[in-house]
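Undergrad: First, the structure itself, so that you have it in front of you.
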Amino acid sequence: MFSLAGRWEQRIREFQAAVGRRARASGLRRTFGFCGFYAGRVNEAREEFERVLELSVGDRWGTPNLVQALAALGETAKAQQLVREIEERALHEPIGRVGMAIMHHWLGDDDAAFRWLERSIEARDYWLVMLRFDPSMMRLRGNPRFEALMQRVRAGTVG
């Protein structure tokens, strides 16, 4: 959670040693990649997110984070393919709805992102309370639909 506070380069330095000691810890690597992404180290972040998916197949946040990196790098075809694969899996297994919203948002489809955010409200997804701090949705801040959704989350009128 503390990585949401910013100071990305400082966080990278703090995580480098930990990642070196625990190279197979997928959650640690995901957070390390997240910090790199927001520090502007998008290629490095992409590599970390790919490692996360190698270490932990089906990681709830690995694919959404990888899609963000791919979208930021302009590799939209690959990012869209990953989204399609997850949406197909969603027919048979539970998926992270907020993660789906983040992926659609990064691919420029905010209407789909809002549909997934509504689903996450219905499911009472725990990450909803963090969205107003999560830089993944930063570009939606100030959007009336997003602000209304965040008001519902803060007021506890979800579901």
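By convention here, the chains of the structure tokens are called A, B, ... in the order presented, each chain's residues are numbered starting at 1, and ligands are numbered starting at 1 in the order presented.
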Give one line per residue of range 35-92 of chain A that approaches range 125-140 of chain A to at most 10 Å, naming the two atoms of the closest pair and their distance in Å to one decimal, counting only C-alpha atoms; sort by chain then ascending residue number and deliver it as a tab-separated table.

TA:
```
residue	atom	partner	partner_atom	distance
A:Tyr38	CA	A:Pro135	CA	8.0
A:Pro64	CA	A:Ser136	CA	9.7
A:Asn65	CA	A:Ser136	CA	8.8
A:Gln68	CA	A:Ser136	CA	8.1
```

Undergrad: Within range 5-150 of chain A, find each residue whose DSSP state, derived from the backbone, is helix (DSSP H, G or I), and express the selection as a ChimeraX atom specification.

TA: /A:5,8-21,26-38,42-55,62-72,76-89,97-106,110-122,126-130,135-140,144-150

Undergrad: I want to know what sits within 12 Å of Arg152 in chain A, based on only C-alpha atoms, with residues of the same chain fewer than 2 positions away left out; could you give that as an MDAnalysis selection string?

TA: chainID A and resid 117:118 121:122 124 128:129 145:150 154:159

Undergrad: Please produce a file of the residues just selected, as a CSV table (one decimal), in the first residue's frame, where the atoms kept are C-alpha atoms.

TA:
```csv
chain,number,residue,atom,x,y,z
A,117,LEU,CA,-16.4,-0.5,-12.0
A,118,GLU,CA,-20.1,-0.9,-11.6
A,121,ILE,CA,-19.4,-2.2,-6.8
A,122,GLU,CA,-22.0,-5.0,-7.1
A,124,ARG,CA,-18.1,-5.2,-3.2
A,128,LEU,CA,-12.7,0.1,-4.7
A,129,VAL,CA,-11.7,1.9,-1.5
A,145,ARG,CA,-18.9,9.6,-13.4
A,146,PHE,CA,-15.8,8.6,-11.5
A,147,GLU,CA,-16.4,11.1,-8.8
A,148,ALA,CA,-20.0,9.9,-8.4
A,149,LEU,CA,-18.8,6.3,-8.2
A,150,MET,CA,-16.2,7.3,-5.5
A,154,ARG,CA,-17.1,6.5,0.4
A,155,ALA,CA,-20.8,6.7,1.5
A,156,GLY,CA,-21.0,2.9,1.7
A,157,THR,CA,-23.9,2.8,-0.7
A,158,VAL,CA,-22.5,0.1,-2.8
A,159,GLY,CA,-24.3,-3.1,-3.8
```

Undergrad: Nearest to Met103 in chain A: which of A:Ala18, A:Leu91, A:Ala72, A:Val67 is it, counting only C-alpha atoms?

TA: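 Among the listed residues, the smallest separation from Met103 in chain A belongs to A:Val67.
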
Undergrad: Quick one: of A:Leu107, A:Ala39, A:Ile102, A:Ala25, who's nearest to Gln81 in chain A, counting only C-alpha atoms?

TA: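 Answer, going by the shortest atom-to-atom distance: A:Leu107.
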
Undergrad: Hey, which of A:Glu88, A:Asp111, A:Glu50, A:Glu9 ends up closest to Cys35 in chain A? Count only C-alpha atoms.

TA: A:Glu9
